[in-house]
Structures are given as C-alpha cells and as structure tokens.
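Data block below; observations after.
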Amino acid sequence: MPSPLNSYDEWSPLREIVVGRGEHHPAHDPDISFRRFYHDELLGQEGGTDWSGTSRRLPGRYVDELVEDLEELATTLRGLGVTVHRPDPLPEGAEFATPSWRATMLPALNVRDQTLVLGDEAIETPPQLRARYFEPELMKPVLGDYFRRGARWTVMPRPVLGGASPAAGEEMTFDAAQCVRLGRDVLVNVSTPGNALALEWLRRHLGDRFRLHRVDRLCDYHLDTTVLALRPGTLLVRDPGVAGRLPEALRRWQMIFPPEPEEGGFPEPPPGVPLLTSRYIDLNVLSVDPDTVIVNALWPKLMVCLESHGFTVVPVRHRHRRLFGGGFHCVTLDTVREGSEPLDHLA
C-alpha cells in the first residue's frame, strides 16, 4: 500500500500540512524543565532564569490574537491549494500528573516540535518540557488517519522528566525542530547529552535510509530560527558565524543572510510573562514550493531580501510569535510534499 505520508525535505511543492492550535493556551509554568529549556532566552530578561512569580494565565486578548493569526495562516494555505489538517483543541484548564510531578497542559501549537516526518514515517519525539508531555494526544486523530491509510507511525522512548534536573543527560529528550530535512540527509542539532541519546536512537532506527549529520549546539535547541533550507542549494542562515559551523557540504550552498530584526516589530508582552524566542524568530519561514515562501508580514525587510533572491513571498501576520515560542515553520508540520524524495542534495 503506498503511503499517504510523503515529506523528505523543506521545499518540495506542499500538498498537505498540519497547522497548530492556540485555544486555551495557559501562561507557561516556570518549572525546572521550562527553566532549563529556555535558559538562554530567559537569562537576558528582567526575571532572569527564575520567573517563579509568572502567572498561570495570559490575558485573553493575546490568546485570541494568536488564534486569529493561525486561522489566517490556515486560510492562506488553503488558498494556495494546500489541504490543511488541525489537531484537536486543548480542553480549557487541562491538567495532568505523573507519579513525579504535575503540569498544566499546552495546546498542540508548535506542532513541528513533537513529530518528525521523515518520508513515509511520523516519529513522535521525547519531549523536553513537562507541560508538553501529553501534547501528542492532540495529534492522534491526524496521525491515526495517516496510519490507517498506510503511513508508518513510531514513538520514541518517553522520558520521566522527574528529579531535580530533567533533560540533564540521564534520559532521552529531543524535539523534531532540532532537525532540518534535506532529502536523504538530515541536519541534527545536539545541545544536551539527552539529545545525543536521541540521535543515537534515530541512527539505529533509521539505519541506512537517512544520513544524519550532527552539529553541536549550533543554537540552543531548534534549528529553524538559525538555518532553513529554502530549496536545493539555498539556505536562509542567521549570520556568517552560523554558516561557518555548518557541515562542509552545506557550506557550498548559497547563503542568504537576513537583515537585522527591528525591536519595533514585536508587540510588548504582558507584564511578568517571559519571551521565549530571540528577535530572529521570523527566520522561521515556511516554504510552499522551491520558489514560494510564507513570511511574517511584520518583517518587511526580510520579504524584500527574499524577493531580491528570486522568491515569491506570501505575507501573513503573526503577532505574538516571541510570546508563544514559534513562527510559521514551528506552528506547522508538512505531511505531504509532491515529488519529495530521499535524494542526495549534498553530493
């Protein structure tokens, strides 16, 4: 039975995609997993790495505007001929407990993080944040439908995330957004010993189907605000320092360096609530095909930059991406790209 799931790269013509949901998004609980994962971003903010006084609720308008922007993205994609799937919405006030800790659940918003699509297989990755532990439950209707129609569906070993320092290396943790897919080759960012364990698991599981290229702490965790493949031979890269640390084969590709982001392009967060990303979050673009890219309308200089390199830019607004920790690549999961194959683009 041919698989209904087919996505090996970041640029082939997009046919099906999952767009995340934001309904009932709570404020982030600054537990130890949160403080560890967002350490680099929290360090330079007023609350430092503590944020122990953070509210468990966000003012409603921020969540409402997030939902509006996601709906606009979904509508835009449908207008481009793409079939859009959505995860289940988060029930309001959803809380859960394990034998070791309790947490308030987050919605399936940044759906790129918890599911790695490699060809005809969807791989659920081991979460790094306690609040995201059961997030894959909200994706089950989507992944279950692909599985029933012939796709492969795999779950990596789940971490405990207990004790004083979860994700410190004693167990496997990893987000799929630590990968950039390039056909047969996958660039993988390793930031912790737990990430290294996950990479080893992926190597054994995938065998010779894919070639995994390790880079060590190219950024804190997720690669898609640091380097993205826009089409074969072309990368969008944060700065020349990042470019110099890429594998040699990728350093031969054309590099597009964006203009510096402007602080005025970001709304002020609510008092006492941390920002979860750097100013470079809008590098997190989504390719519709090798010549068309969805870009945040709030960074017009990036749109001009990409147009100067021959891309057609589709502007869509995304206001609170720093507050909720994800741009357009983060909040989507491409499941079908037409003609996508495990080709060797690094030869």
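Naming works like this for the structure tokens: A, B, ... for the chains as they're shown, residue 1 at the start of each chain, ligands 1 onward in shown order.
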
Show me, as a PyMOL selection string, the residues that have an atom within 12 Å of Phe266 of chain A when counting only C-alpha atoms, minus same-chain residues fewer than 6 positions from it. chain A and resi 275+277-282+296-299+317-323

C-alpha atoms of the current selection, written as an mmCIF file, in the first residue's frame:
```cif
data_model
loop_
_atom_site.group_PDB
_atom_site.id
_atom_site.type_symbol
_atom_site.label_atom_id
_atom_site.label_comp_id
_atom_site.auth_asym_id
_atom_site.auth_seq_id
_atom_site.Cartn_x
_atom_site.Cartn_y
_atom_site.Cartn_z
ATOM 1 C CA LEU A 275 9.538 35.950 25.842
ATOM 2 C CA THR A 277 12.484 33.290 21.430
ATOM 3 C CA SER A 278 15.134 35.627 20.113
ATOM 4 C CA ARG A 279 14.475 38.522 17.728
ATOM 5 C CA TYR A 280 15.348 36.147 14.884
ATOM 6 C CA ILE A 281 12.121 34.154 15.226
ATOM 7 C CA ASP A 282 10.837 35.408 11.855
ATOM 8 C CA ASN A 296 5.712 37.161 8.599
ATOM 9 C CA ALA A 297 4.204 40.385 7.243
ATOM 10 C CA LEU A 298 5.661 42.185 10.271
ATOM 11 C CA TRP A 299 9.228 41.852 8.910
ATOM 12 C CA ARG A 317 0.676 38.284 10.018
ATOM 13 C CA HIS A 318 1.915 36.550 13.178
ATOM 14 C CA ARG A 319 1.953 38.975 16.107
ATOM 15 C CA HIS A 320 2.891 37.117 19.275
ATOM 16 C CA ARG A 321 5.441 34.616 17.994
ATOM 17 C CA ARG A 322 8.021 35.502 20.673
ATOM 18 C CA LEU A 323 5.458 35.140 23.453
#
```

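Counting only C-alpha atoms, the residue from A:Leu246, A:Leu343, A:Val336, A:Leu199 that sits nearest to Pro4 of chain A is A:Val336.
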
Using only C-alpha atoms, determine which residues lie at most 7 Å from segment 184-196 of chain A, disregarding the query and same-chain residues fewer than 2 positions distant; provide the list as a ChimeraX atom specification. /A:167-174,178-182,198-200,210-218,220-221,223,342-344

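With only C-alpha atoms as the atoms that count, the residue of A:Leu58, A:Met255, A:Ala27, A:Leu77 with the shortest distance to Ala103 of chain A is A:Ala27.
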
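When only C-alpha atoms are used to compute distances to Trp11 of chain A, the closest of the residues A:Pro258, A:Pro232, A:Pro274, A:Gly326 turns out to be A:Pro232.
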
Shell of 7 Å around Leu333 of chain A, only C-alpha atoms, local chain residues under 4 positions omitted, as a VMD selection string: chain A and resid 17 to 19 111 to 112

So that I can check the surroundings of segment 86-95 of chain A, please list as a PyMOL selection string every protein, DNA and RNA residue that reaches within 12 Å of it, counting only C-alpha atoms and ignoring chain neighbours fewer than 2 positions away. chain A and resi 16-27+29+56-57+67+70-71+73-74+83-84+97-98+101-111+130-145+331-335

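The nearest approach to Val316 of chain A among the residues A:Leu5, A:Val293, A:Lys301, A:Gln128, with only C-alpha atoms taken into account, belongs to A:Val293.
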
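Proximity to segment 113-115 of chain A at 7 Å, evaluated using only C-alpha atoms and with sequence-adjacent residues fewer than 4 positions away removed, yields Ala122, Ile123, Glu124, Thr125, Pro127, Pro136, Asp175, Ala176, Ala177 and Cys330 of chain A.
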
Residue selection dump (all heavy atoms) as a compact mmCIF listing (two decimals), in the first residue's frame:
```txt
# COMPACT_ATOMS: atom_id res chain seq x y z
N ALA A 122 6.03 9.02 10.49
CA ALA A 122 5.88 10.06 11.52
C ALA A 122 6.46 9.50 12.82
O ALA A 122 6.04 8.44 13.29
CB ALA A 122 4.42 10.43 11.70
N ILE A 123 7.43 10.23 13.39
CA ILE A 123 8.11 9.79 14.61
C ILE A 123 7.81 10.79 15.72
O ILE A 123 8.20 11.95 15.63
CB ILE A 123 9.63 9.68 14.39
CG1 ILE A 123 9.94 8.72 13.24
CG2 ILE A 123 10.32 9.24 15.68
CD1 ILE A 123 11.43 8.67 12.86
N GLU A 124 7.12 10.34 16.77
CA GLU A 124 6.89 11.19 17.93
C GLU A 124 8.17 11.26 18.75
O GLU A 124 8.75 10.23 19.12
CB GLU A 124 5.76 10.65 18.79
CG GLU A 124 4.38 10.74 18.15
CD GLU A 124 3.29 10.25 19.08
OE1 GLU A 124 3.48 10.30 20.32
OE2 GLU A 124 2.24 9.81 18.57
N THR A 125 8.62 12.47 19.05
CA THR A 125 9.90 12.65 19.73
C THR A 125 9.70 12.79 21.24
O THR A 125 8.63 13.17 21.71
CB THR A 125 10.63 13.89 19.18
OG1 THR A 125 9.78 15.04 19.30
CG2 THR A 125 10.99 13.68 17.71
N PRO A 127 9.62 14.46 24.66
CA PRO A 127 9.50 15.89 24.99
C PRO A 127 10.54 16.35 26.00
O PRO A 127 11.01 15.58 26.83
CB PRO A 127 8.09 16.01 25.56
CG PRO A 127 7.79 14.65 26.10
CD PRO A 127 8.46 13.68 25.16
N PRO A 136 1.18 15.10 22.23
CA PRO A 136 0.88 14.22 21.10
C PRO A 136 -0.52 13.63 21.11
O PRO A 136 -1.02 13.20 20.06
CB PRO A 136 1.95 13.12 21.23
CG PRO A 136 3.10 13.79 21.92
CD PRO A 136 2.45 14.72 22.90
N ASP A 175 13.57 17.42 20.40
CA ASP A 175 12.49 18.00 19.61
C ASP A 175 12.78 17.83 18.14
O ASP A 175 13.93 18.03 17.69
CB ASP A 175 12.31 19.48 19.92
CG ASP A 175 11.61 19.74 21.25
OD1 ASP A 175 11.14 18.77 21.87
OD2 ASP A 175 11.55 20.91 21.67
N ALA A 176 11.75 17.53 17.36
CA ALA A 176 11.94 17.34 15.93
C ALA A 176 12.44 18.61 15.25
O ALA A 176 13.08 18.54 14.19
CB ALA A 176 10.62 16.89 15.30
N ALA A 177 12.15 19.79 15.84
CA ALA A 177 12.62 21.04 15.26
C ALA A 177 14.13 21.22 15.39
O ALA A 177 14.68 22.21 14.90
CB ALA A 177 11.91 22.22 15.90
N CYS A 330 7.47 26.60 12.86
CA CYS A 330 7.19 25.93 14.14
C CYS A 330 5.74 25.48 14.25
O CYS A 330 5.45 24.39 14.75
CB CYS A 330 7.48 26.85 15.32
SG CYS A 330 9.20 27.33 15.53
```

For Gly183 of chain A, please output as a list in words all residues within 12 Å (counting only C-alpha atoms; exclusion window: fewer than 6 positions along the same chain). Asn6, Ser7, Tyr8, Asp9, Glu10, Trp11, Ser12, Val117, Leu118, Gly119, Arg209, Phe210, Arg211, Leu212, Ala229, Arg231, Pro232, Gly233, Arg337, Gly339, Ser340, Glu341, Pro342, Leu343, Asp344, His345, Leu346 and Ala347 of chain A
